[in-house]
$ cat structure.pdb   # PDB, C-alpha atoms (C1' of nucleotides)
ATOM      1  CA  MET A 228      20.703 -21.873 -10.819
ATOM      2  CA  PRO A 229      18.100 -20.487 -13.218
ATOM      3  CA  THR A 230      18.821 -16.826 -13.822
ATOM      4  CA  ILE A 231      16.777 -14.314 -15.742
ATOM      5  CA  ARG A 232      17.985 -10.884 -16.801
ATOM      6  CA  ILE A 233      15.411  -8.188 -17.247
ATOM      7  CA  PRO A 234      16.891  -5.161 -19.021
ATOM      8  CA  VAL A 235      16.199  -1.799 -17.409
ATOM      9  CA  GLY A 236      16.641   1.736 -18.676
ATOM     10  CA  PRO A 237      18.445   4.664 -17.047
ATOM     11  CA  LEU A 238      15.478   5.736 -14.899
ATOM     12  CA  PHE A 239      15.735   2.668 -12.743
ATOM     13  CA  SER A 240      17.513   2.309  -9.443
ATOM     14  CA  PHE A 241      17.729  -1.015  -7.676
ATOM     15  CA  ARG A 242      18.864   0.780  -4.557
ATOM     16  CA  GLU A 243      15.849   3.105  -4.467
ATOM     17  CA  CYS A 244      13.381   0.287  -5.118
ATOM     18  CA  ARG A 245      15.018  -1.932  -2.560
ATOM     19  CA  TRP A 246      14.928   0.915  -0.075
ATOM     20  CA  PHE A 247      11.213   1.493  -0.608
ATOM     21  CA  LEU A 248      10.481  -2.180   0.043
ATOM     22  CA  HIS A 249      12.433  -1.934   3.288
ATOM     23  CA  ARG A 250      11.779   1.537   4.733
ATOM     24  CA  ASN A 251      12.527   0.527   8.315
ATOM     25  CA  PHE A 252       9.360  -1.529   8.399
ATOM     26  CA  ASP A 253       9.017  -5.250   8.753
ATOM     27  CA  ASP A 254       7.043  -6.304   5.705
ATOM     28  CA  CYS A 255       6.504 -10.059   5.790
ATOM     29  CA  MET A 256       5.794 -10.266   2.052
ATOM     30  CA  HIS A 257       9.454 -10.119   1.108
ATOM     31  CA  VAL A 258      12.902 -10.318   2.635
ATOM     32  CA  VAL A 259      15.188  -7.388   1.977
ATOM     33  CA  GLU A 260      18.900  -8.022   2.267
ATOM     34  CA  GLU A 261      21.912  -5.871   1.552
ATOM     35  CA  ASP A 262      22.121  -6.622  -2.152
ATOM     36  CA  GLN A 263      19.016  -8.626  -2.912
ATOM     37  CA  VAL A 264      15.292  -8.918  -2.347
ATOM     38  CA  LYS A 265      13.685 -12.327  -1.951
ATOM     39  CA  LYS A 266      10.033 -13.102  -2.425
ATOM     40  CA  ALA A 267       7.822 -16.156  -2.682
ATOM     41  CA  LEU A 268       5.520 -16.210  -5.705
ATOM     42  CA  LEU A 269       2.602 -18.334  -6.764
ATOM     43  CA  ILE A 270       2.741 -18.574 -10.531
ATOM     44  CA  ASP A 271       0.609 -20.921 -12.610
ATOM     45  CA  GLY A 272       0.003 -22.973  -9.493
ATOM     46  CA  HIS A 273       3.712 -23.280  -8.690
ATOM     47  CA  LEU A 274       5.216 -21.958  -5.478
ATOM     48  CA  LEU A 275       8.537 -20.305  -6.288
ATOM     49  CA  LEU A 276      11.166 -18.333  -4.446
ATOM     50  CA  VAL A 277      12.920 -15.632  -6.420
ATOM     51  CA  SER A 278      15.791 -13.334  -5.622
ATOM     52  CA  LEU A 279      16.188  -9.934  -7.273
ATOM     53  CA  SER A 280      19.526  -8.209  -7.467
ATOM     54  CA  GLU A 281      21.316  -5.565  -9.426
ATOM     55  CA  GLU A 282      23.226  -6.088 -12.609
ATOM     56  CA  LYS A 283      24.583  -3.702 -15.188
ATOM     57  CA  GLU A 284      21.582  -2.215 -16.980
ATOM     58  CA  ALA A 285      19.432  -5.089 -15.823
ATOM     59  CA  LEU A 286      17.588  -6.645 -12.959
ATOM     60  CA  ARG A 287      18.839 -10.143 -12.196
ATOM     61  CA  VAL A 288      16.184 -12.601 -11.111
ATOM     62  CA  GLN A 289      17.269 -15.941  -9.741
ATOM     63  CA  VAL A 290      14.806 -18.724  -9.111
ATOM     64  CA  LEU A 291      16.072 -20.053  -5.786
ATOM     65  CA  LYS A 292      13.399 -22.674  -5.450
ATOM     66  CA  GLY A 293      10.749 -24.188  -7.645
ATOM     67  CA  PRO A 294      10.530 -25.672 -11.131
ATOM     68  CA  ASP A 295      12.312 -24.149 -14.106
ATOM     69  CA  THR A 296      10.627 -24.169 -17.494
ATOM     70  CA  PRO A 297      10.619 -21.612 -20.302
ATOM     71  CA  ALA A 298       6.958 -20.875 -19.665
ATOM     72  CA  LEU A 299       7.581 -20.238 -15.982
ATOM     73  CA  ARG A 300      10.549 -18.010 -16.746
ATOM     74  CA  LYS A 301       8.335 -15.954 -18.964
ATOM     75  CA  ALA A 302       5.657 -15.796 -16.267
ATOM     76  CA  VAL A 303       8.212 -14.812 -13.620
ATOM     77  CA  THR A 304       9.551 -12.087 -15.901
ATOM     78  CA  ASP A 305       6.039 -10.769 -16.426
ATOM     79  CA  TYR A 306       5.340 -10.839 -12.710
ATOM     80  CA  ILE A 307       8.491  -8.925 -11.766
ATOM     81  CA  THR A 308       7.976  -6.454 -14.584
ATOM     82  CA  ASP A 309       4.536  -5.716 -13.200
ATOM     83  CA  TRP A 310       5.616  -5.722  -9.555
ATOM     84  CA  TRP A 311       8.477  -3.243 -10.087
ATOM     85  CA  ASP A 312       6.723  -1.359 -12.875
ATOM     86  CA  LEU A 313       9.673  -1.893 -15.188
ATOM     87  CA  ASP A 314       7.879  -1.240 -18.466
ATOM     88  CA  ARG A 315       6.883   2.319 -17.687
ATOM     89  CA  ASP A 316       8.870   5.123 -19.287
ATOM     90  CA  LEU A 317       9.310   7.621 -16.457
ATOM     91  CA  LEU A 318      10.758  10.381 -18.600
ATOM     92  CA  PRO A 319       7.531  12.442 -18.822
ATOM     93  CA  PHE A 320       7.191  12.321 -15.047
ATOM     94  CA  TYR A 321      10.765  13.464 -14.575
ATOM     95  CA  GLN A 322      10.255  16.303 -17.022
ATOM     96  CA  GLN A 323       7.249  17.412 -15.020
ATOM     97  CA  ILE A 324       9.065  17.125 -11.684
ATOM     98  CA  ALA A 325      11.955  19.178 -13.056
ATOM     99  CA  LYS A 326       9.584  22.070 -13.724
ATOM    100  CA  HIS A 327       8.350  22.176 -10.164
ATOM    101  CA  LYS A 328      10.348  24.418  -7.880
ATOM    102  CA  GLN A 329       9.830  22.635  -4.570
ATOM    103  CA  LEU A 330       9.835  19.111  -5.996
ATOM    104  CA  ALA A 331      12.595  19.293  -8.592
ATOM    105  CA  TYR A 332      15.146  17.854  -6.139
ATOM    106  CA  MET A 333      13.292  14.542  -6.212
ATOM    107  CA  ALA A 334      14.397  13.790  -9.751
ATOM    108  CA  ALA A 335      17.959  13.586  -8.517
ATOM    109  CA  ASP A 336      17.479  12.343  -4.966
ATOM    110  CA  TYR A 337      15.030   9.555  -5.757
ATOM    111  CA  LYS A 338      16.137   8.879  -9.300
ATOM    112  CA  GLY A 339      14.967   5.514 -10.531
ATOM    113  CA  LEU A 340      12.414   4.854  -7.817
ATOM    114  CA  ARG A 341       9.526   2.864  -9.257
ATOM    115  CA  LEU A 342       5.986   2.243  -8.125
ATOM    116  CA  LEU A 343       6.367  -1.034  -6.262
ATOM    117  CA  GLY A 344       3.055  -2.719  -6.881
ATOM    118  CA  MET A 345       0.973  -5.455  -5.346
ATOM    119  CA  PRO A 346      -0.096  -7.691  -8.206
ATOM    120  CA  ASP A 347      -2.570  -9.570  -6.003
ATOM    121  CA  LEU A 348      -5.658  -7.336  -5.783
ATOM    122  CA  PHE A 349      -7.040  -9.174  -2.784
ATOM    123  CA  GLU A 350      -3.783  -8.551  -0.969
ATOM    124  CA  ALA A 351      -3.796  -4.875  -1.925
ATOM    125  CA  ILE A 352      -7.315  -4.299  -0.633
ATOM    126  CA  SER A 353      -6.754  -6.338   2.517
ATOM    127  CA  TRP A 354      -3.522  -4.553   3.240
ATOM    128  CA  ALA A 355      -5.165  -1.181   2.753
ATOM    129  CA  ILE A 356      -7.920  -2.126   5.195
ATOM    130  CA  ILE A 357      -5.377  -3.332   7.730
ATOM    131  CA  GLY A 358      -3.529  -0.039   7.457
ATOM    132  CA  GLN A 359      -6.524   2.240   7.824
ATOM    133  CA  GLN A 360      -6.111   4.823  10.554
ATOM    134  CA  ILE A 361      -3.269   3.123  12.446
ATOM    135  CA  ASN A 362       0.432   3.750  12.331
ATOM    136  CA  LEU A 363       2.378   1.744   9.794
ATOM    137  CA  SER A 364       4.536  -0.108  12.288
ATOM    138  CA  PHE A 365       1.461  -1.534  13.940
ATOM    139  CA  ALA A 366      -0.154  -2.228  10.572
ATOM    140  CA  TYR A 367       2.838  -4.300   9.465
ATOM    141  CA  LYS A 368       2.655  -6.247  12.716
ATOM    142  CA  LEU A 369      -1.017  -6.991  12.157
ATOM    143  CA  LYS A 370      -0.294  -8.100   8.611
ATOM    144  CA  ARG A 371       2.474 -10.390   9.763
ATOM    145  CA  ARG A 372       0.217 -12.086  12.315
ATOM    146  CA  LEU A 373      -2.430 -12.628   9.644
ATOM    147  CA  VAL A 374      -0.006 -13.896   7.017
ATOM    148  CA  GLU A 375       1.880 -16.214   9.347
ATOM    149  CA  LYS A 376      -1.363 -17.810  10.477
ATOM    150  CA  TYR A 377      -3.335 -18.051   7.223
ATOM    151  CA  GLY A 378      -0.771 -17.743   4.433
ATOM    152  CA  THR A 379       1.145 -20.611   2.881
ATOM    153  CA  HIS A 380       4.899 -20.491   2.906
ATOM    154  CA  LEU A 381       8.017 -21.923   1.418
ATOM    155  CA  ASP A 382      11.116 -22.890   3.362
ATOM    156  CA  HIS A 383      14.529 -21.866   2.170
ATOM    157  CA  GLU A 384      17.828 -21.927   4.056
ATOM    158  CA  GLY A 385      16.116 -21.936   7.407
ATOM    159  CA  SER A 386      13.677 -19.102   6.794
ATOM    160  CA  LYS A 387      10.061 -19.038   5.752
ATOM    161  CA  HIS A 388       8.844 -16.999   2.798
ATOM    162  CA  TYR A 389       5.130 -16.285   2.860
ATOM    163  CA  LEU A 390       2.401 -15.758   0.345
ATOM    164  CA  PHE A 391      -0.506 -13.548   1.314
ATOM    165  CA  PRO A 392      -3.490 -15.739   2.293
ATOM    166  CA  SER A 393      -6.007 -16.583  -0.396
ATOM    167  CA  PRO A 394      -9.564 -15.319   0.113
ATOM    168  CA  GLU A 395     -10.578 -18.889   0.861
ATOM    169  CA  ALA A 396      -7.904 -19.286   3.518
ATOM    170  CA  LEU A 397      -8.830 -16.001   5.139
ATOM    171  CA  MET A 398     -12.479 -16.974   5.235
ATOM    172  CA  ARG A 399     -11.490 -19.775   7.573
ATOM    173  CA  ALA A 400     -10.396 -17.177  10.124
ATOM    174  CA  THR A 401     -12.847 -16.680  12.934
ATOM    175  CA  PRO A 402     -13.600 -13.217  14.305
ATOM    176  CA  GLU A 403     -12.282 -14.433  17.661
ATOM    177  CA  ASP A 404      -8.934 -15.443  16.158
ATOM    178  CA  LEU A 405      -8.571 -12.108  14.429
ATOM    179  CA  ARG A 406      -9.615 -10.201  17.519
ATOM    180  CA  ALA A 407      -6.914 -12.028  19.462
ATOM    181  CA  MET A 408      -4.443 -10.705  16.881
ATOM    182  CA  GLN A 409      -5.636  -7.179  17.776
ATOM    183  CA  PHE A 410      -7.677  -6.475  14.691
ATOM    184  CA  SER A 411     -10.566  -4.166  15.523
ATOM    185  CA  GLN A 412     -14.113  -5.457  15.148
ATOM    186  CA  GLN A 413     -14.653  -3.267  12.078
ATOM    187  CA  LYS A 414     -11.518  -4.474  10.351
ATOM    188  CA  ILE A 415     -12.472  -8.072  11.052
ATOM    189  CA  ARG A 416     -15.824  -7.511   9.407
ATOM    190  CA  TYR A 417     -14.312  -5.671   6.471
ATOM    191  CA  LEU A 418     -11.625  -8.284   5.851
ATOM    192  CA  LEU A 419     -14.017 -11.209   6.010
ATOM    193  CA  THR A 420     -16.483  -9.416   3.744
ATOM    194  CA  VAL A 421     -13.778  -8.748   1.172
ATOM    195  CA  ALA A 422     -12.556 -12.347   1.371
ATOM    196  CA  GLU A 423     -16.092 -13.551   0.767
ATOM    197  CA  ALA A 424     -16.525 -11.167  -2.174
ATOM    198  CA  PHE A 425     -13.378 -12.482  -3.835
ATOM    199  CA  PHE A 426     -14.130 -16.113  -3.025
ATOM    200  CA  SER A 427     -17.701 -16.059  -4.251
ATOM    201  CA  GLY A 428     -16.605 -14.390  -7.487
ATOM    202  CA  GLY A 429     -18.348 -11.122  -6.747
ATOM    203  CA  ILE A 430     -15.126  -9.343  -7.527
ATOM    204  CA  SER A 431     -11.850 -10.184  -9.230
ATOM    205  CA  LYS A 432      -8.910  -8.376 -10.744
ATOM    206  CA  GLN A 433      -9.760  -9.643 -14.213
ATOM    207  CA  GLU A 434     -13.307  -8.330 -14.028
ATOM    208  CA  LEU A 435     -12.109  -5.013 -12.666
ATOM    209  CA  ILE A 436      -9.612  -4.611 -15.494
ATOM    210  CA  ALA A 437     -12.368  -5.360 -17.979
ATOM    211  CA  LEU A 438     -14.494  -2.451 -16.749
ATOM    212  CA  PRO A 439     -14.586   0.543 -19.086
ATOM    213  CA  ASP A 440     -12.824   3.178 -17.003
ATOM    214  CA  PHE A 441     -11.299   4.272 -13.737
ATOM    215  CA  ALA A 442     -14.583   5.518 -12.303
ATOM    216  CA  ALA A 443     -16.258   2.178 -12.942
ATOM    217  CA  ARG A 444     -13.411   0.281 -11.263
ATOM    218  CA  GLN A 445     -13.522   2.662  -8.339
ATOM    219  CA  GLN A 446     -17.283   2.221  -7.958
ATOM    220  CA  ALA A 447     -16.945  -1.556  -7.972
ATOM    221  CA  LEU A 448     -14.500  -1.376  -5.069
ATOM    222  CA  LEU A 449     -16.452   1.258  -3.140
ATOM    223  CA  ALA A 450     -19.384  -1.161  -3.027
ATOM    224  CA  LEU A 451     -17.388  -3.259  -0.543
ATOM    225  CA  LYS A 452     -17.952  -2.466   3.127
ATOM    226  CA  GLY A 453     -14.776  -1.026   4.556
ATOM    227  CA  VAL A 454     -13.536   0.258   1.214
ATOM    228  CA  GLY A 455     -13.715   4.039   0.982
ATOM    229  CA  ILE A 456     -12.095   6.373  -1.491
ATOM    230  CA  TRP A 457      -8.660   6.040   0.095
ATOM    231  CA  THR A 458      -8.671   2.234   0.071
ATOM    232  CA  ALA A 459     -10.159   1.971  -3.427
ATOM    233  CA  ASN A 460      -7.642   4.360  -4.937
ATOM    234  CA  TYR A 461      -4.740   2.818  -3.049
ATOM    235  CA  ALA A 462      -5.639  -0.620  -4.389
ATOM    236  CA  LEU A 463      -6.135   0.697  -7.926
ATOM    237  CA  MET A 464      -2.768   2.388  -7.757
ATOM    238  CA  LYS A 465      -0.854  -0.572  -6.302
ATOM    239  CA  SER A 466      -2.538  -3.479  -8.020
ATOM    240  CA  LEU A 467      -4.007  -2.187 -11.269
ATOM    241  CA  LYS A 468      -1.291   0.442 -11.634
ATOM    242  CA  GLU A 469      -3.806   3.146 -12.435
ATOM    243  CA  PRO A 470      -1.414   6.043 -13.099
ATOM    244  CA  GLY A 471      -3.927   8.715 -12.142
ATOM    245  CA  SER A 472      -5.040   7.222  -8.854
ATOM    246  CA  ILE A 473      -4.638   9.321  -5.698
ATOM    247  CA  PRO A 474      -5.329   7.962  -2.195
ATOM    248  CA  HIS A 475      -7.225  11.090  -1.192
ATOM    249  CA  GLY A 476      -6.970  12.034   2.449
ATOM    250  CA  ASP A 477      -3.874   9.917   3.016
ATOM    251  CA  ALA A 478      -2.179  11.042   6.222
ATOM    252  CA  GLY A 479       1.312  10.600   4.867
ATOM    253  CA  LEU A 480       0.509  12.383   1.638
ATOM    254  CA  LEU A 481      -0.899  15.375   3.529
ATOM    255  CA  ASN A 482       2.117  15.507   5.791
ATOM    256  CA  ALA A 483       4.459  15.429   2.816
ATOM    257  CA  LEU A 484       2.518  18.245   1.145
ATOM    258  CA  LEU A 485       2.697  20.277   4.363
ATOM    259  CA  ALA A 486       6.409  19.607   4.725
ATOM    260  CA  HIS A 487       6.976  21.002   1.226
ATOM    261  CA  SER A 488       4.683  23.978   1.981
ATOM    262  CA  LEU A 489       2.503  22.929  -0.944
ATOM    263  CA  ILE A 490      -0.667  23.269   1.135
ATOM    264  CA  LYS A 491      -1.475  25.660   3.961
ATOM    265  CA  ASP A 492      -3.289  23.022   6.009
ATOM    266  CA  LYS A 493      -4.686  19.524   5.658
ATOM    267  CA  SER A 494      -8.024  20.735   4.350
ATOM    268  CA  ASP A 495      -6.502  22.754   1.531
ATOM    269  CA  LEU A 496      -8.158  20.694  -1.182
ATOM    270  CA  ARG A 497      -7.832  23.330  -3.872
ATOM    271  CA  ALA A 498      -4.060  23.470  -3.590
ATOM    272  CA  ILE A 499      -3.922  19.688  -3.741
ATOM    273  CA  GLU A 500      -6.061  19.681  -6.854
ATOM    274  CA  ARG A 501      -3.894  22.345  -8.469
ATOM    275  CA  LEU A 502      -0.719  20.418  -7.745
ATOM    276  CA  PHE A 503      -1.976  17.099  -9.064
ATOM    277  CA  ALA A 504      -3.390  18.791 -12.151
ATOM    278  CA  LYS A 505       0.199  19.543 -13.133
ATOM    279  CA  PHE A 506       0.963  15.828 -12.953
ATOM    280  CA  ALA A 507      -1.965  14.540 -14.975
ATOM    281  CA  GLY A 508      -1.385  10.888 -15.776
ATOM    282  CA  TRP A 509       1.389  10.658 -13.180
ATOM    283  CA  GLU A 510      -0.558  11.314  -9.986
ATOM    284  CA  SER A 511       0.292   7.934  -8.494
ATOM    285  CA  TYR A 512       3.995   8.509  -9.125
ATOM    286  CA  LEU A 513       3.808  11.870  -7.442
ATOM    287  CA  VAL A 514       2.220  10.165  -4.424
ATOM    288  CA  ILE A 515       4.982   7.550  -4.337
ATOM    289  CA  TYR A 516       7.687  10.197  -4.482
ATOM    290  CA  LEU A 517       5.973  12.252  -1.771
ATOM    291  CA  TRP A 518       5.769   9.148   0.428
ATOM    292  CA  ARG A 519       9.433   8.599  -0.293
ATOM    293  CA  SER A 520      10.175  12.083   0.984
ATOM    294  CA  LEU A 521       8.725  11.287   4.403
ATOM    295  CA  ALA A 522      11.557   8.950   5.264
ATOM    296  CA  LYS A 523      13.799   9.736   8.125
ATOM    297  CA  MET A 524      17.421   9.471   7.253
ATOM    298  CA  ASP A 525      19.097   6.280   8.401
TER
ATOM    299  C1'  DA B 182       0.992  12.466  28.185
ATOM    300  C1'  DA B 183      -1.710  14.002  24.660
ATOM    301  C1'  DC B 184      -2.126  13.452  19.960
ATOM    302  C1'  DC B 185      -1.702  11.329  15.658
ATOM    303  C1'  DA B 186      -1.594   7.039  12.756
ATOM    304  C1'  DG B 187      -1.042   5.460   4.665
ATOM    305  C1'  DG B 188      -9.999   5.741   7.220
ATOM    306  C1'  DC B 189     -14.594   4.169   7.351
ATOM    307  C1'  DG B 190     -19.443   3.711   8.361
ATOM    308  C1'  DC B 191     -23.008   5.389  10.584
ATOM    309  C1'  DA B 192     -25.750   8.730  13.295
ATOM    310  C1'  DT B 193     -27.123  13.402  13.507
ATOM    311  C1'  DG B 194     -28.075  18.539  12.227
TER
ATOM    312  C1'  DC C  69     -24.728  17.807   2.136
ATOM    313  C1'  DA C  70     -21.648  18.506   6.233
ATOM    314  C1'  DT C  71     -19.974  17.390  10.571
ATOM    315  C1'  DG C  72     -19.002  14.335  14.575
ATOM    316  C1'  DC C  73     -18.029  10.047  16.751
ATOM    317  C1'  DG C  74     -16.228   5.363  17.856
ATOM    318  C1'  DC C  75     -13.018   2.193  16.718
ATOM    319  C1'  DA C  76      -8.205  -0.239  19.045
ATOM    320  C1'  DT C  77      -3.652   0.477  20.022
ATOM    321  C1'  DG C  78       1.210   1.656  18.931
ATOM    322  C1'  DG C  79       4.515   5.535  18.228
ATOM    323  C1'  DT C  80       6.374   9.846  19.306
TER
END

$ encode --input "structure.pdb" --output "structure tokens"
Amino acid sequence: MPTIRIPVGPLFSFRECRWFLHRNFDDCMHVVEEDQVKKALLIDGHLLLVSLSEEKEALRVQVLKGPDTPALRKAVTDYITDWWDLDRDLLPFYQQIAKHKQLAYMAADYKGLRLLGMPDLFEAISWAIIGQQINLSFAYKLKRRLVEKYGTHLDHEGSKHYLFPSPEALMRATPEDLRAMQFSQQKIRYLLTVAEAFFSGGISKQELIALPDFAARQQALLALKGVGIWTANYALMKSLKEPGSIPHGDAGLLNALLAHSLIKDKSDLRAIERLFAKFAGWESYLVIYLWRSLAKMD
DNA sequence: AACCAGGCGCATG
DNA sequence: CATGCGCATGGT
């Protein structure tokens, strides 16, 4: 079986990354097992199934299904490196965390946790819209209904592994179908608008990356109906890996800040600004680690 | 059984 | 510019 080894440094933990992908939710975009994570990928027009597992000082990637060529191996390596943010040197972030009284414990407790991205920008924006203002359990259910109806899949050992629907596939959804899946009328409109914007070429990840700066990328996303500051920044953080992106107003983020007594209440914007100023260039990592801290023990 | 969910757009003061 | 409201429904 084709196997790829991607070397990783000391600030990497397969266990922490695997845990974040699982988190007691039922995310249909990957399958998390005891010692591996499986995911279907569309790379250079090829549908592949890969399995990630832990190896000494490396991440082992096995191609369980799909063609095997040197070019594809390279593309798979690039994809995983982006998805698990393997190229980033976390040392500066850890040095900053260590200086912070209330947060210093995270460097030890969550050591090696990476920003698990969403390389597909359309997926990141759609997922953010789905998750707006509802609890995550419900949001994952909505996503699963959408993906199982409009996404393509690959069969392997009796289970299906899904890709997020393409904009074109989602455009075929009718408002009635989506309503029957319990999407609200607003979310239906937002999702179909975003699908249309991606399909018609009004927006794409490549074009966004080509824009001069963060503010310009943010503005391009905010032009979409249903995309506010939270959704735009979430997508920029998860898909474009903007290190300074903060999903402002995020309910989980505010709760984590409250739990650490870092803010006096949820409208304490000045304290939030002060905290993030200490993590300039690492704001998105701070958000990830604060989200991590919300977990109930299991 | 209220109240809150990984918000947003739109209508009012 | 700031504040309020409806959205839809699952968790706790």

$ residues_around --input "structure.pdb" --residues "segment 267-281 of chain A" --least-positions-apart "6" --cutoff "8 Å" --atoms "all atoms listed in the file" --output "list of chain:residue names"
A:Phe241, A:Met256, A:His257, A:Arg287, A:Val288, A:Gln289, A:Val290, A:Leu291, A:Lys292, A:Gly293, A:Pro294, A:Leu299, A:Ala302, A:Val303, A:His380, A:Leu381, A:His388, A:Tyr389, A:Leu390

$ resolve_selection --input "structure.pdb" --expression "the PyMOL selection byres ((chain A) within 10 of (chain C))" --output "PyMOL selection string"
chain A and resi 360-366+409-414

$ write_last_selection --input "structure.pdb" --atoms "C-alpha atoms" --output "compact mmCIF listing (two decimals), keeping the file's coordinate frame"
# COMPACT_ATOMS: atom_id res chain seq x y z
CA GLN A 360 -6.11 4.82 10.55
CA ILE A 361 -3.27 3.12 12.45
CA ASN A 362 0.43 3.75 12.33
CA LEU A 363 2.38 1.74 9.79
CA SER A 364 4.54 -0.11 12.29
CA PHE A 365 1.46 -1.53 13.94
CA ALA A 366 -0.15 -2.23 10.57
CA GLN A 409 -5.64 -7.18 17.78
CA PHE A 410 -7.68 -6.48 14.69
CA SER A 411 -10.57 -4.17 15.52
CA GLN A 412 -14.11 -5.46 15.15
CA GLN A 413 -14.65 -3.27 12.08
CA LYS A 414 -11.52 -4.47 10.35

$ resolve_selection --input "structure.pdb" --expression "the PyMOL selection byres ((chain A) within 7 of (chain B))" --output "MDAnalysis selection string"
chainID A and resid 358:362 453 455 477:479

$ atom_distance --input "structure.pdb" --atom1 "atom CA of Lys328 of chain A" --atom2 "atom CA of Glu469 of chain A"
26.0 Å

$ atom_distance --input "structure.pdb" --atom1 "atom CA of Arg519 of chain A" --atom2 "atom CA of Pro234 of chain A"
24.4 Å

$ axis_aligned_box --input "structure.pdb" --around "segment 72-76 of chain C" --padding-each-side "5 Å" --output "JSON"
{"center_x": -13.6, "center_y": 7.0, "center_z": 16.8, "size_x": 20.8, "size_y": 24.6, "size_z": 14.5}

$ resolve_selection --input "structure.pdb" --expression "the PyMOL selection byres ((chain A and resi 244) around 12)" --output "PyMOL selection string"
chain A and resi 238-243+245-250+259+262-264+279-281+286+310-313+337-344+515-516+519

$ atom_distance --input "structure.pdb" --atom1 "atom CA of Ser353 of chain A" --atom2 "atom CA of Leu484 of chain A"
26.3 Å
